[in-house]
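First up is the structure itself, then whatever we jot down about it.
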Amino acid sequence: AMALEYGDIRPQSTFDASEPLKIGKKTITDFRGQARMLSVAEVLMHSSNIATAQIALRSGYEKQKAFLETFRFNERLSLKLPERAAPSFPREKKWANITSANVGFGYGLSVTPMHVIAGVAALVNGGLFHMPTFIRGGNDGTVEYQVLAEKNSNVVRHMMWAVLNWNAKEDSIERQYAVGGKTGSANLLKDGRYIEGALRTTFVAAFPMTAPQYAVLVMLENPKKIKETFMMNAAGWNAKPTGLQLISQIAPYLGVATVGSWSKSAYIEHAIERSKN
């Protein structure tokens, strides 16, 4: 979204994920990526750290830092709760190429779940950031401002839809309610060191992407590898199905109708076609 907003990439831009990316002493690899040229949609669909890092580096850390700050990722949100946590945001002098690359795919930065929900909502609702509130329909000084051009928000919506739907069955929850989202799996830290095999998994989604109304976030702490998940513990095997099951339960109560056909942009159709071949 950042690179789109600053004009550093276009939806049709491609990035080479065929080889690990070296930045100084750090080598960035993909867990199970597609080792080939990837369009921006495919970068998200296949969670390519290599290509995501390239996108972040193309924009540069100054733009990245400024963009994240528009989403309040550098400060406490003004919620009416005493438990408001402060994000862990890289200090000015700590930003470097490797920092930008790491932040691009989810490391080096820590924010609260409410930051994530507010950010995702802004990305898909037409680009308008709303300061979260627990007061239904109330006006308690809520902040609203544009963080993303509407045209770019539309691109993000289509791409997030593709992430969940490119290989989904027609009767799946994601297809029925046009759910768009993204998974994340991060190594757990203890005493400054990563715990081998331990993850914090996340699934964030919005629906229906034809006209977004609701956002959902599921976060699991150190999920186990069990036979029901084929001895896997990444987010796609636990946080994602949990989130989709929640949506299947709450959507009817919220009065969200199932979605029929939805015309996708040519670059989305192309990305899906390439990924299926």
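Starting from 1 in every chain, residues are counted up; chains themselves are A, B, ... following the order of the structure tokens, and ligands are numbered from 1 as listed.
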*asked:* Going by DSSP on the backbone, which residues of range 24-238 of chain A come out as strand (DSSP E)? List them as a PyMOL selection string.
replied: chain A and resi 26-28+37-39+128-130+144-146+180-190+193-207+214-221
_Pick from A:Leu21, A:Ile250, A:Leu217, A:Leu57 nearest to Pro113 in chain A, counting only C-alpha atoms_ =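 Ranked by minimum distance to Pro113 in chain A, first place goes to A:Leu217.
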*asked:* Residues near range 218-232 of chain A, anyone? I mean within 8 Å using only C-alpha atoms, not counting same-chain ones fewer than 6 positions away, as a count of residues only.
replied: 13
*Find the residues around range 98-112 of chain A up to 6 Å (only C-alpha atoms counted), leave out those fewer than 2 positions away in its own chain, and share them as a VMD selection string.*
chain A and resid 49 53 56 61 87 to 89 95 to 96 114 to 115
Write out the residues from the selection above, keeping N, CA, C and O atoms, as a JSON list (two decimals), in the first residue's frame.
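part-v6.json written:
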```json
[["chain", "number", "residue", "atom", "x", "y", "z"],
["A", 49, "ASN", "N", 8.75, -12.93, 1.32],
["A", 49, "ASN", "CA", 9.60, -11.98, 2.05],
["A", 49, "ASN", "C", 10.61, -11.32, 1.12],
["A", 49, "ASN", "O", 10.93, -10.14, 1.27],
["A", 53, "ALA", "N", 10.56, -7.32, 0.69],
["A", 53, "ALA", "CA", 11.73, -6.52, 1.07],
["A", 53, "ALA", "C", 12.16, -5.62, -0.08],
["A", 53, "ALA", "O", 12.54, -4.46, 0.12],
["A", 56, "ALA", "N", 9.87, -2.63, -0.17],
["A", 56, "ALA", "CA", 10.19, -1.69, 0.91],
["A", 56, "ALA", "C", 11.44, -0.89, 0.58],
["A", 56, "ALA", "O", 11.50, 0.33, 0.80],
["A", 61, "TYR", "N", 13.36, 3.96, 3.60],
["A", 61, "TYR", "CA", 12.91, 3.99, 4.98],
["A", 61, "TYR", "C", 12.20, 5.29, 5.36],
["A", 61, "TYR", "O", 11.32, 5.29, 6.22],
["A", 87, "PRO", "N", 3.39, 1.09, 20.99],
["A", 87, "PRO", "CA", 4.06, 0.22, 20.02],
["A", 87, "PRO", "C", 5.57, 0.23, 20.22],
["A", 87, "PRO", "O", 6.13, 1.15, 20.82],
["A", 88, "SER", "N", 6.22, -0.80, 19.71],
["A", 88, "SER", "CA", 7.67, -0.83, 19.64],
["A", 88, "SER", "C", 8.04, -0.39, 18.22],
["A", 88, "SER", "O", 7.90, -1.16, 17.27],
["A", 89, "PHE", "N", 8.48, 0.84, 18.11],
["A", 89, "PHE", "CA", 8.72, 1.46, 16.80],
["A", 89, "PHE", "C", 10.20, 1.80, 16.68],
["A", 89, "PHE", "O", 10.78, 2.38, 17.60],
["A", 95, "TRP", "N", 16.78, 3.24, 11.79],
["A", 95, "TRP", "CA", 16.26, 2.87, 10.48],
["A", 95, "TRP", "C", 17.42, 2.69, 9.51],
["A", 95, "TRP", "O", 18.30, 3.53, 9.40],
["A", 96, "ALA", "N", 17.39, 1.59, 8.80],
["A", 96, "ALA", "CA", 18.41, 1.29, 7.79],
["A", 96, "ALA", "C", 17.76, 0.37, 6.76],
["A", 96, "ALA", "O", 16.60, 0.00, 6.90],
["A", 114, "MET", "N", -5.32, -3.58, 18.20],
["A", 114, "MET", "CA", -6.19, -2.49, 17.77],
["A", 114, "MET", "C", -5.53, -1.63, 16.70],
["A", 114, "MET", "O", -6.21, -1.12, 15.79],
["A", 115, "HIS", "N", -4.22, -1.46, 16.77],
["A", 115, "HIS", "CA", -3.50, -0.77, 15.70],
["A", 115, "HIS", "C", -3.70, -1.50, 14.37],
["A", 115, "HIS", "O", -3.94, -0.88, 13.33]]
```
*Taking into account only C-alpha atoms, which residue in the set A:Gln213, A:Ile28, A:Asp171, A:Lys182 is nearest to Ser47 in chain A?*
A:Lys182
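Using only C-alpha atoms, the shortest contact distance between Glu273 in chain A and any of A:Gln64, A:Gln176, A:Ser39, A:Asn187 is found at A:Ser39.
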*Can you work out the spacing between CA of Asp8 in chain A and CA of Val147 in chain A in Å, to one decimal?*
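Those two atoms sit 16.3 Å apart.
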*Go through A:Glu174, A:Phe31, A:Gly260, A:Met37 and flag the residue nearest Ala186 in chain A, using only C-alpha atoms for the distances.*
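Using only C-alpha atoms, the shortest distance to Ala186 in chain A belongs to A:Phe31.
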*Point out the residue among A:Val179, A:Leu164, A:Met209, A:Ala215 with the least atom-to-atom distance to Gly119 in chain A, counting only C-alpha atoms.*
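Ranked by minimum distance to Gly119 in chain A, first place goes to A:Ala215.
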*DSSP helix (DSSP H, G or I) residues within range 114-258 of chain A, as an MDAnalysis selection string*: chainID A and resid 114:124 150:165 173:176 227:229 235:237 239:254
Written file, previous selection with C-alpha atoms, as a PDB file, in the first residue's frame:
```
ATOM      1  CA  MET A 114      -6.192  -2.488  17.774  1.00  0.00           C
ATOM      2  CA  HIS A 115      -3.503  -0.769  15.697  1.00  0.00           C
ATOM      3  CA  VAL A 116      -3.718  -3.626  13.209  1.00  0.00           C
ATOM      4  CA  ILE A 117      -7.516  -3.519  12.988  1.00  0.00           C
ATOM      5  CA  ALA A 118      -7.568   0.258  12.551  1.00  0.00           C
ATOM      6  CA  GLY A 119      -4.860   0.051   9.904  1.00  0.00           C
ATOM      7  CA  VAL A 120      -6.501  -2.704   7.883  1.00  0.00           C
ATOM      8  CA  ALA A 121      -9.857  -0.926   8.047  1.00  0.00           C
ATOM      9  CA  ALA A 122      -8.251   2.199   6.601  1.00  0.00           C
ATOM     10  CA  LEU A 123      -6.540   0.247   3.835  1.00  0.00           C
ATOM     11  CA  VAL A 124      -9.791  -1.224   2.517  1.00  0.00           C
ATOM     12  CA  GLU A 150      -9.352   5.712  -2.866  1.00  0.00           C
ATOM     13  CA  LYS A 151      -7.995   4.154  -6.063  1.00  0.00           C
ATOM     14  CA  ASN A 152      -5.138   2.567  -4.125  1.00  0.00           C
ATOM     15  CA  SER A 153      -7.502   1.335  -1.439  1.00  0.00           C
ATOM     16  CA  ASN A 154      -9.468  -0.368  -4.194  1.00  0.00           C
ATOM     17  CA  VAL A 155      -6.284  -2.092  -5.385  1.00  0.00           C
ATOM     18  CA  VAL A 156      -5.545  -3.293  -1.849  1.00  0.00           C
ATOM     19  CA  ARG A 157      -9.086  -4.665  -1.482  1.00  0.00           C
ATOM     20  CA  HIS A 158      -8.764  -6.715  -4.655  1.00  0.00           C
ATOM     21  CA  MET A 159      -5.338  -8.009  -3.674  1.00  0.00           C
ATOM     22  CA  MET A 160      -6.437  -8.989  -0.167  1.00  0.00           C
ATOM     23  CA  TRP A 161      -9.418 -10.788  -1.714  1.00  0.00           C
ATOM     24  CA  ALA A 162      -7.013 -12.667  -4.002  1.00  0.00           C
ATOM     25  CA  VAL A 163      -4.839 -13.736  -1.053  1.00  0.00           C
ATOM     26  CA  LEU A 164      -7.699 -15.784   0.403  1.00  0.00           C
ATOM     27  CA  ASN A 165      -9.683 -16.628  -2.693  1.00  0.00           C
ATOM     28  CA  ILE A 173     -16.650 -18.868   3.557  1.00  0.00           C
ATOM     29  CA  GLU A 174     -14.123 -16.558   1.882  1.00  0.00           C
ATOM     30  CA  ARG A 175     -15.970 -16.820  -1.439  1.00  0.00           C
ATOM     31  CA  GLN A 176     -19.461 -16.538   0.068  1.00  0.00           C
ATOM     32  CA  LYS A 227      -2.449 -34.165  13.453  1.00  0.00           C
ATOM     33  CA  GLU A 228      -5.555 -32.107  12.545  1.00  0.00           C
ATOM     34  CA  THR A 229      -3.245 -29.457  11.069  1.00  0.00           C
ATOM     35  CA  ALA A 235      -1.052 -19.176  10.667  1.00  0.00           C
ATOM     36  CA  GLY A 236      -2.623 -20.712   7.593  1.00  0.00           C
ATOM     37  CA  TRP A 237      -3.286 -23.878   9.598  1.00  0.00           C
ATOM     38  CA  ALA A 239      -5.396 -18.580  12.921  1.00  0.00           C
ATOM     39  CA  LYS A 240      -6.861 -18.447   9.399  1.00  0.00           C
ATOM     40  CA  PRO A 241      -9.403 -21.287   9.741  1.00  0.00           C
ATOM     41  CA  THR A 242     -10.346 -19.978  13.175  1.00  0.00           C
ATOM     42  CA  GLY A 243     -10.998 -16.516  11.740  1.00  0.00           C
ATOM     43  CA  LEU A 244     -13.012 -17.848   8.814  1.00  0.00           C
ATOM     44  CA  GLN A 245     -15.102 -19.970  11.173  1.00  0.00           C
ATOM     45  CA  LEU A 246     -15.798 -16.856  13.259  1.00  0.00           C
ATOM     46  CA  ILE A 247     -16.890 -14.972  10.145  1.00  0.00           C
ATOM     47  CA  SER A 248     -19.211 -17.817   9.151  1.00  0.00           C
ATOM     48  CA  GLN A 249     -20.879 -17.513  12.562  1.00  0.00           C
ATOM     49  CA  ILE A 250     -21.111 -13.729  12.896  1.00  0.00           C
ATOM     50  CA  ALA A 251     -21.876 -12.674   9.314  1.00  0.00           C
ATOM     51  CA  PRO A 252     -25.516 -13.895   9.391  1.00  0.00           C
ATOM     52  CA  TYR A 253     -26.099 -12.198  12.758  1.00  0.00           C
ATOM     53  CA  LEU A 254     -24.670  -8.963  11.375  1.00  0.00           C
TER      54      LEU A 254
END
```
*Nearest to Thr52 in chain A: which of A:Ile135, A:Leu68, A:Leu81, A:Ala17 is it, counting only C-alpha atoms?*
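Closest to Thr52 in chain A of all the choices is A:Ala17.
The two atoms in question, CA of Thr183 in chain A and CA of Val40 in chain A, are spaced 16.4 Å apart.
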